[in-house]
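Enquirer: Dropping in structure.tsv, which is TSV, C-alpha atoms and all ligand atoms:
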chain	number	residue	atom	x	y	z
A	1	MET	CA	28.89	28.12	-18.75
A	2	ASP	CA	29.21	27.72	-22.50
A	3	ARG	CA	26.94	30.05	-24.43
A	4	VAL	CA	25.50	27.37	-26.70
A	5	ASN	CA	22.12	26.57	-28.18
A	6	MET	CA	21.02	23.00	-28.85
A	7	GLU	CA	22.49	22.90	-32.35
A	8	GLN	CA	25.88	24.18	-31.19
A	9	ALA	CA	25.93	21.79	-28.24
A	10	LEU	CA	25.21	18.88	-30.61
A	11	GLY	CA	27.94	20.09	-32.93
A	12	ALA	CA	30.39	19.98	-30.02
A	13	PHE	CA	29.16	16.47	-29.13
A	14	GLY	CA	29.77	15.29	-32.70
A	15	GLU	CA	33.36	16.53	-32.48
A	16	MET	CA	33.86	14.75	-29.15
A	17	LEU	CA	32.87	11.46	-30.79
A	18	GLU	CA	35.66	11.93	-33.30
A	19	GLY	CA	38.24	13.37	-30.92
A	20	GLN	CA	40.92	11.85	-28.70
A	21	GLY	CA	40.17	10.69	-25.15
A	22	CYS	CA	36.88	11.02	-23.30
A	23	SER	CA	35.27	14.48	-23.05
A	24	MET	CA	33.05	15.43	-20.14
A	25	ILE	CA	29.74	17.26	-20.44
A	26	VAL	CA	28.07	18.78	-17.37
A	27	THR	CA	24.64	20.37	-17.15
A	28	PRO	CA	24.51	22.48	-13.98
A	29	ASN	CA	21.48	24.26	-12.62
A	30	SER	CA	21.58	27.08	-10.07
A	31	GLU	CA	21.50	24.59	-7.18
A	32	ILE	CA	24.66	22.91	-8.45
A	33	VAL	CA	26.40	26.25	-9.13
A	34	GLN	CA	25.53	27.40	-5.62
A	35	ASN	CA	26.94	24.11	-4.24
A	36	ALA	CA	30.08	24.66	-6.28
A	37	THR	CA	30.71	27.95	-4.46
A	38	LYS	CA	31.16	25.84	-1.31
A	39	ASN	CA	32.76	22.79	-2.89
A	40	GLU	CA	36.12	23.55	-4.50
A	41	GLU	CA	36.37	20.11	-6.11
A	42	LEU	CA	32.97	20.48	-7.78
A	43	ALA	CA	33.86	24.00	-8.96
A	44	GLU	CA	37.10	22.70	-10.54
A	45	LEU	CA	35.20	19.85	-12.17
A	46	ILE	CA	32.71	22.20	-13.80
A	47	LYS	CA	35.45	24.55	-14.94
A	48	GLY	CA	37.45	21.67	-16.38
A	49	ALA	CA	34.53	20.10	-18.28
A	50	ASP	CA	34.64	20.19	-22.07
A	51	LEU	CA	31.06	21.37	-22.43
A	52	VAL	CA	29.01	23.13	-19.73
A	53	ILE	CA	25.34	23.44	-20.65
A	54	PRO	CA	23.07	25.74	-18.59
A	55	ASP	CA	20.29	23.36	-17.55
A	56	GLY	CA	18.44	25.66	-15.16
A	57	ILE	CA	16.21	28.63	-15.91
A	58	GLY	CA	17.75	30.35	-12.85
A	59	LEU	CA	21.16	30.38	-14.55
A	60	VAL	CA	19.78	31.90	-17.73
A	61	LYS	CA	17.99	34.62	-15.73
A	62	ALA	CA	21.07	35.23	-13.55
A	63	SER	CA	23.30	35.54	-16.63
A	64	LYS	CA	21.02	38.29	-17.96
A	65	MET	CA	20.99	40.13	-14.63
A	66	LEU	CA	24.78	40.02	-14.51
A	67	GLY	CA	25.20	41.28	-18.06
A	68	TYR	CA	26.51	38.06	-19.64
A	69	PRO	CA	23.34	36.72	-21.29
A	70	LEU	CA	23.46	33.00	-21.99
A	71	GLY	CA	20.70	32.97	-24.58
A	72	GLU	CA	18.60	29.86	-24.35
A	73	ARG	CA	18.24	27.18	-21.73
A	74	VAL	CA	19.29	23.75	-23.03
A	75	THR	CA	18.14	21.11	-20.59
A	76	GLY	CA	20.38	18.13	-19.93
A	77	ILE	CA	17.55	15.70	-20.61
A	78	ASP	CA	16.64	17.25	-23.98
A	79	PHE	CA	20.29	17.49	-25.01
A	80	SER	CA	20.92	13.85	-24.04
A	81	PHE	CA	17.93	12.71	-26.08
A	82	GLU	CA	19.17	14.58	-29.16
A	83	ALA	CA	22.71	13.33	-28.56
A	84	LEU	CA	21.40	9.74	-28.48
A	85	LYS	CA	19.68	10.33	-31.82
A	86	LEU	CA	22.96	11.54	-33.31
A	87	LEU	CA	24.78	8.56	-31.81
A	88	ALA	CA	22.23	6.13	-33.29
A	89	ALA	CA	22.55	7.77	-36.71
A	90	ARG	CA	26.32	7.19	-36.52
A	91	GLY	CA	25.86	3.55	-35.51
A	92	GLN	CA	27.65	4.05	-32.17
A	93	SER	CA	26.43	2.83	-28.79
A	94	ALA	CA	25.64	4.20	-25.33
A	95	PHE	CA	26.01	2.90	-21.77
A	96	PHE	CA	23.32	3.77	-19.20
A	97	PHE	CA	24.83	3.90	-15.72
A	98	GLY	CA	22.83	4.91	-12.66
A	99	SER	CA	19.45	5.09	-10.92
A	100	LYS	CA	17.72	2.35	-8.97
A	101	PRO	CA	17.88	-1.29	-10.16
A	102	GLY	CA	15.81	-1.83	-13.30
A	103	VAL	CA	15.39	1.87	-14.13
A	104	ALA	CA	18.29	2.19	-16.63
A	105	GLU	CA	17.08	-0.95	-18.49
A	106	LYS	CA	13.53	0.39	-18.64
A	107	ALA	CA	14.77	3.81	-19.83
A	108	ALA	CA	16.82	2.10	-22.56
A	109	GLU	CA	13.81	0.04	-23.62
A	110	LYS	CA	11.55	3.10	-23.84
A	111	LEU	CA	14.17	5.11	-25.74
A	112	ARG	CA	14.73	2.31	-28.26
A	113	GLU	CA	11.05	2.70	-29.19
A	114	GLN	CA	11.58	6.43	-29.84
A	115	ILE	CA	15.03	6.43	-31.43
A	116	PRO	CA	15.37	4.02	-34.36
A	117	GLY	CA	18.75	2.28	-34.42
A	118	LEU	CA	19.69	3.21	-30.84
A	119	ILE	CA	22.24	0.73	-29.50
A	120	VAL	CA	22.59	0.41	-25.72
A	121	ALA	CA	25.79	-1.53	-25.09
A	122	GLY	CA	25.10	-2.00	-21.38
A	123	THR	CA	23.32	-0.81	-18.26
A	124	ARG	CA	24.21	-0.76	-14.54
A	125	ASN	CA	22.30	0.60	-11.57
A	126	GLY	CA	23.86	3.42	-9.59
A	127	TYR	CA	24.17	1.76	-6.19
A	128	PHE	CA	27.58	0.22	-5.49
A	129	SER	CA	30.31	-0.06	-2.88
A	130	PRO	CA	33.61	1.86	-3.21
A	131	GLU	CA	35.32	-1.48	-3.95
A	132	GLU	CA	33.05	-2.08	-6.94
A	133	GLU	CA	33.59	1.33	-8.52
A	134	ALA	CA	36.76	0.68	-10.58
A	135	GLY	CA	35.27	-2.58	-11.89
A	136	ILE	CA	32.16	-0.74	-13.05
A	137	ALA	CA	34.28	1.83	-14.90
A	138	ALA	CA	36.16	-1.03	-16.62
A	139	GLU	CA	32.86	-2.74	-17.49
A	140	ILE	CA	31.54	0.49	-19.07
A	141	ASP	CA	34.61	0.89	-21.27
A	142	ALA	CA	34.75	-2.80	-22.17
A	143	SER	CA	31.15	-2.60	-23.45
A	144	GLY	CA	32.52	-0.61	-26.40
A	145	ALA	CA	30.09	2.27	-25.78
A	146	ALA	CA	31.14	5.64	-27.21
A	147	PHE	CA	28.77	7.63	-24.97
A	148	LEU	CA	28.34	7.23	-21.22
A	149	LEU	CA	25.25	8.59	-19.50
A	150	ALA	CA	25.80	8.73	-15.73
A	151	ALA	CA	22.69	9.19	-13.58
A	152	LEU	CA	24.04	9.20	-10.03
A	153	GLY	CA	22.92	12.69	-8.98
A	154	SER	CA	25.32	15.60	-8.55
A	155	PRO	CA	28.19	15.73	-7.63
A	156	LYS	CA	28.53	11.93	-7.51
A	157	GLN	CA	28.17	11.52	-11.28
A	158	GLU	CA	30.67	14.31	-12.05
A	159	LEU	CA	33.19	12.87	-9.59
A	160	PHE	CA	32.85	9.42	-11.16
A	161	MET	CA	33.32	10.71	-14.70
A	162	GLU	CA	36.32	12.82	-13.74
A	163	LYS	CA	37.97	9.96	-11.86
A	164	TYR	CA	37.75	7.42	-14.66
A	165	ARG	CA	37.40	9.21	-18.00
A	166	ARG	CA	41.12	9.51	-18.68
A	167	GLY	CA	41.44	5.74	-18.51
A	168	PHE	CA	38.69	5.13	-21.07
A	169	LYS	CA	39.72	3.76	-24.45
A	170	ASN	CA	36.32	3.47	-26.10
A	171	VAL	CA	34.12	6.00	-24.33
A	172	LYS	CA	34.47	9.32	-26.17
A	173	ALA	CA	31.94	11.45	-24.27
A	174	ALA	CA	30.38	11.24	-20.81
A	175	ILE	CA	27.49	13.27	-19.42
A	176	GLY	CA	25.88	13.53	-15.99
A	177	VAL	CA	22.12	13.23	-16.48
A	178	GLY	CA	20.74	13.36	-12.90
A	179	GLY	CA	17.18	12.06	-12.80
A	180	SER	CA	16.77	11.58	-16.58
A	181	PHE	CA	16.53	7.75	-16.48
A	182	ASP	CA	13.71	8.11	-13.95
A	183	VAL	CA	11.83	10.32	-16.41
A	184	TRP	CA	12.57	8.24	-19.54
A	185	SER	CA	11.60	5.02	-17.78
A	186	GLY	CA	8.31	6.54	-16.61
A	187	THR	CA	9.31	6.19	-12.92
A	188	LEU	CA	9.12	9.97	-12.49
A	189	GLU	CA	6.94	12.31	-14.48
A	190	ARG	CA	8.54	15.29	-16.19
A	191	ALA	CA	6.94	18.66	-15.51
A	192	PRO	CA	4.17	19.48	-18.02
A	193	ALA	CA	4.83	22.19	-20.64
A	194	PHE	CA	3.13	24.92	-18.58
A	195	TYR	CA	5.65	24.51	-15.72
A	196	ARG	CA	8.61	24.25	-18.11
A	197	ASP	CA	7.59	27.31	-20.13
A	198	HIS	CA	7.13	29.45	-17.04
A	199	GLY	CA	10.37	28.53	-15.32
A	200	LEU	CA	8.51	26.51	-12.69
A	201	GLU	CA	9.95	23.04	-13.32
A	202	TRP	CA	11.67	23.17	-9.91
A	203	PHE	CA	8.26	23.69	-8.26
A	204	TYR	CA	6.76	20.67	-10.04
A	205	ARG	CA	9.71	18.49	-8.93
A	206	LEU	CA	9.25	19.71	-5.39
A	207	MET	CA	5.62	18.63	-5.47
A	208	GLN	CA	6.64	15.18	-6.73
A	209	GLU	CA	9.55	14.81	-4.29
A	210	PRO	CA	8.89	16.99	-1.20
A	211	SER	CA	12.11	15.68	0.35
A	212	ARG	CA	14.00	17.99	-2.06
A	213	ILE	CA	12.98	21.05	-0.02
A	214	GLY	CA	16.29	21.17	1.90
A	215	ARG	CA	18.37	21.10	-1.29
A	216	MET	CA	16.15	23.66	-2.96
A	217	ALA	CA	16.89	26.19	-0.24
A	218	GLU	CA	20.04	26.81	-2.29
A	219	ILE	CA	18.01	28.35	-5.12
A	220	PRO	CA	16.82	31.52	-3.27
A	221	ARG	CA	20.34	31.86	-1.80
A	222	PHE	CA	21.71	31.79	-5.33
A	223	LEU	CA	19.18	34.39	-6.54
A	224	ILE	CA	19.88	36.75	-3.64
A	225	LYS	CA	23.60	36.54	-4.40
A	226	VAL	CA	22.95	37.30	-8.08
A	227	MET	CA	20.71	40.25	-7.21
A	228	ILE	CA	23.34	41.75	-4.91
A	229	LYS	CA	26.08	41.28	-7.52
A	230	GLY	CA	23.81	42.64	-10.28
A	231	ARG	CA	23.12	45.77	-8.22
A	232	LYS	CA	26.83	46.27	-7.50
A	233	ASN	CA	27.63	45.93	-11.22
A	234	ALA	CA	24.91	48.49	-12.04
A	235	GLU	CA	26.24	50.93	-9.45
A	236	ARG	CA	29.74	50.62	-10.86
A	237	SER	CA	28.70	51.34	-14.46
B	1	LIG	N1	21.31	7.82	-7.68
B	1	LIG	C1	22.16	6.74	-7.89
B	1	LIG	N2	23.08	6.42	-6.94
B	1	LIG	C2	23.21	7.14	-5.80
B	1	LIG	C3	22.38	8.28	-5.61
B	1	LIG	C4	21.45	8.59	-6.58
B	1	LIG	O1	22.07	6.06	-8.91
B	1	LIG	O2	24.06	6.79	-4.99
B	1	LIG	C5	20.34	8.14	-8.71
B	1	LIG	C6	18.89	8.24	-8.27
B	1	LIG	O3	18.31	6.95	-8.23
B	1	LIG	C7	18.29	9.11	-9.35
B	1	LIG	C8	19.47	9.90	-9.87
B	1	LIG	O4	20.60	9.44	-9.18
B	1	LIG	O5	17.83	8.32	-10.40
B	1	LIG	C9	19.36	11.39	-9.73
B	1	LIG	O6	19.20	11.77	-8.42
B	1	LIG	P1	18.79	13.25	-8.07
B	1	LIG	O7	17.30	13.40	-8.10
B	1	LIG	O8	19.46	13.57	-6.81
B	1	LIG	O9	19.40	14.08	-9.30
B	1	LIG	P2	19.93	15.56	-9.39
B	1	LIG	O10	18.76	16.46	-9.16
B	1	LIG	O11	20.99	15.72	-8.35
B	1	LIG	O12	20.49	15.68	-10.76
Go through the file and emit its structure as structure tokens.
Ligand code: UDP
Expert:
Amino acid sequence: MDRVNMEQALGAFGEMLEGQGCSMIVTPNSEIVQNATKNEELAELIKGADLVIPDGIGLVKASKMLGYPLGERVTGIDFSFEALKLLAARGQSAFFFGSKPGVAEKAAEKLREQIPGLIVAGTRNGYFSPEEEAGIAAEIDASGAAFLLAALGSPKQELFMEKYRRGFKNVKAAIGVGGSFDVWSGTLERAPAFYRDHGLEWFYRLMQEPSRIGRMAEIPRFLIKVMIKGRKNAERS
């Protein structure tokens, strides 16, 4: 993880827009980190990303228990919103790729109302065949967008970005945003402040999408692992 607050993360994003090639931003939570312990490819992807923002409260708590405090939690959705504001101020455009048909368009429409000057160069839903994939990547770059937001869920979005980013000529930064288009479009409700402030966003999501229960079993596994490691570290010191 990068130990960054919102301002520092945005500073890094600004530099990416001016740099060479396409940088990759990932926003893991404890579920994704736990998955990465079993998925070598995903682990390498996270390690190789240019900016790794700790999206989950579990990661921030774990970092404190392990003696490497991360500071604040910067959620992927909040960071992406601020990054879009910066992009709009610079007169550059974004591409919204992912989610069910119609959702990316609706998210773009809602965001244009909130971010003056936001330019969305193109949208594409996140359901496609393997044969269509390379064409979609070419379409994204040809749109002229400087910022790609990929909402395919993890690790699909990270794998897509990693596979195609080196071929991009126009896209300067790409981020995996998970379910953010669903929230921006109004398809899915974001957890109210009470849940967010008390580290219970995961519980609110579970209530909205009970089918996530299987995936969420990774969270207690992650915490148990952290507690064991934390105790070992304490014994050693
Ligand atoms: N999604 C997609 N293509 C797929 C699978 C998922 O576009 O093949 C979209 C889905 O519609 C949703 C988003 O990916 O909008 C995020 O899914 P998920 O809730 O799994 O996000 P995560 O919690 O993994 O970030």
Enquirer: Restricting the calculation to only C-alpha atoms: of A:Ala94, A:Ala234, A:Gln208, A:Phe160, which residue gets closest to A:Ser143?
Expert: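 Residue with the minimum atom-to-atom distance to A:Ser143: A:Ala94.
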Enquirer: List as a Markdown table every residue of chain A that is in contact with ligand LIG 1 (chain B), defined as an atom at most 6 Å from one of its atoms (using all atoms listed in the file), together with the nearest atom pair and the distance in Å rounded to one decimal, sorted by chain and then rising number.
Expert:
| residue | atom | partner | partner_atom | distance |
| --- | --- | --- | --- | --- |
| A:Gly98 | CA | B:LIG1 | O1 | 4.0 |
| A:Ser99 | CA | B:LIG1 | O1 | 3.4 |
| A:Lys100 | CA | B:LIG1 | O3 | 4.7 |
| A:Gly126 | CA | B:LIG1 | O1 | 3.3 |
| A:Tyr127 | CA | B:LIG1 | N2 | 4.8 |
| A:Ala151 | CA | B:LIG1 | O4 | 4.9 |
| A:Leu152 | CA | B:LIG1 | O4 | 3.6 |
| A:Gly153 | CA | B:LIG1 | O11 | 3.6 |
| A:Ser154 | CA | B:LIG1 | O11 | 4.3 |
| A:Gly178 | CA | B:LIG1 | O12 | 3.2 |
| A:Gly179 | CA | B:LIG1 | C9 | 3.8 |
| A:Asp182 | CA | B:LIG1 | O5 | 5.4 |
Enquirer: Using atom CA of A:Pro54 and atom CA of A:Gly71 as the two end points, give the distance in Å to one decimal.
Expert: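 Atom CA of A:Gly71 lies at a distance of 9.7 Å from atom CA of A:Pro54.
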Enquirer: Quick one: contact table of stretch 59-154 of chain A to stretch 193-204 of chain A, 12 Å max, nearest atom pair and distance in Å to one decimal per residue, counting all atoms listed in the file, chain and number order, as a Markdown table?
Expert:
| residue | atom | partner | partner_atom | distance |
| --- | --- | --- | --- | --- |
| A:Leu59 | CA | A:Gly199 | CA | 11.0 |
| A:Val60 | CA | A:Gly199 | CA | 10.3 |
| A:Lys61 | CA | A:Gly199 | CA | 9.8 |
| A:Arg73 | CA | A:Gly199 | CA | 10.2 |
| A:Val74 | CA | A:Arg196 | CA | 11.8 |
| A:Thr75 | CA | A:Arg196 | CA | 10.3 |
Enquirer: Mind checking which residues fall within 8 Å of A:Pro28, counting all atoms listed in the file, ignoring those fewer than 6 positions away in the same chain, and posting them as a list of chain:residue names?
Expert: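 Everything that qualifies: A:Val52, A:Ile53, A:Pro54, A:Asp55, A:Gly56.
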Enquirer: The selected residues should be written to file as a PDB file, in the coordinates of the input (atoms: C-alpha atoms).
Expert:
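Written out: selection_29.pdb:
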ATOM      1  CA  VAL A  52      29.010  23.130 -19.730  1.00  0.00           C
ATOM      2  CA  ILE A  53      25.340  23.440 -20.650  1.00  0.00           C
ATOM      3  CA  PRO A  54      23.070  25.740 -18.590  1.00  0.00           C
ATOM      4  CA  ASP A  55      20.290  23.360 -17.550  1.00  0.00           C
ATOM      5  CA  GLY A  56      18.440  25.660 -15.160  1.00  0.00           C
TER       6      GLY A  56
END
Enquirer: Measuring between all atoms listed in the file, which one of A:Pro192, A:Gly144, A:Pro220, A:Gly58 shows the shortest distance to A:Arg205?
Expert: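 The answer is A:Pro192, which sits nearest to A:Arg205.
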Enquirer: Which one is closest to A:Gly230: A:Pro116, A:Ser23, A:Lys64, A:Pro155? Count only C-alpha atoms.
Expert: A:Lys64
Enquirer: Find the residues around A:Glu18 up to 10 Å (only C-alpha atoms counted), leave out those fewer than 2 positions away in its own chain, and share them as a VMD selection string.
Expert: chain A and resid 13 to 16 20 to 21 146 172 to 173
Enquirer: Would you kindly return, as JSON, numbers by chain, each protein, DNA or RNA residue with an atom no farther than 12 Å from any atom of A:Leu111, considering all atoms listed in the file and excluding same-chain residues fewer than 6 positions away?
Expert: {"A": [80, 81, 82, 84, 85, 88, 94, 96, 104, 105, 117, 118, 119, 120, 180, 181, 183, 184, 185, 186]}
Enquirer: Generate a file of the selected residues that holds C-alpha atoms, formatted as a tab-separated table (two decimals), keeping the file's coordinate frame.
Expert:
chain	number	residue	atom	x	y	z
A	80	SER	CA	20.92	13.85	-24.04
A	81	PHE	CA	17.93	12.71	-26.08
A	82	GLU	CA	19.17	14.58	-29.16
A	84	LEU	CA	21.40	9.74	-28.48
A	85	LYS	CA	19.68	10.33	-31.82
A	88	ALA	CA	22.23	6.13	-33.29
A	94	ALA	CA	25.64	4.20	-25.33
A	96	PHE	CA	23.32	3.77	-19.20
A	104	ALA	CA	18.29	2.19	-16.63
A	105	GLU	CA	17.08	-0.95	-18.49
A	117	GLY	CA	18.75	2.28	-34.42
A	118	LEU	CA	19.69	3.21	-30.84
A	119	ILE	CA	22.24	0.73	-29.50
A	120	VAL	CA	22.59	0.41	-25.72
A	180	SER	CA	16.77	11.58	-16.58
A	181	PHE	CA	16.53	7.75	-16.48
A	183	VAL	CA	11.83	10.32	-16.41
A	184	TRP	CA	12.57	8.24	-19.54
A	185	SER	CA	11.60	5.02	-17.78
A	186	GLY	CA	8.31	6.54	-16.61
Enquirer: Grab the atom CA of A:Ser93 to atom CA of A:Cys22 distance for me, in Å with one decimal place.
Expert: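 Computing it gives 14.4 Å between the two atoms.
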Enquirer: Could you state the separation of atom CA of A:Gly135 and atom CA of A:Ala36 in Å, given to one decimal place?
Expert: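 Distance reported for this atom pair: 28.3 Å.
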Enquirer: Can you pull out the residues contacting A:Glu72? Cut-off 9 Å, using only C-alpha atoms, and skip same-chain residues under 3 positions away; I want them as a list in words.
Expert: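 Contacts, with the query itself left out: Arg3, Val4, Asn5, Met6, Pro54, Ile57, Val60 and Pro69 of chain A.
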Enquirer: Which of these, A:Gln34, A:Thr123, A:Ser211, A:Ser129, has the shortest distance to A:Ala108 once you count only C-alpha atoms?
Expert: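 Smallest separation from A:Ala108 among the options: A:Thr123.
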Enquirer: Using all atoms listed in the file, pick whichever of A:Phe79, A:Gly11, A:Asn29, A:Ile175 has the shortest atom-to-atom distance to A:Ala49.
Expert: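 Between A:Phe79, A:Gly11, A:Asn29, A:Ile175, the residue approaching A:Ala49 most closely is A:Ile175.
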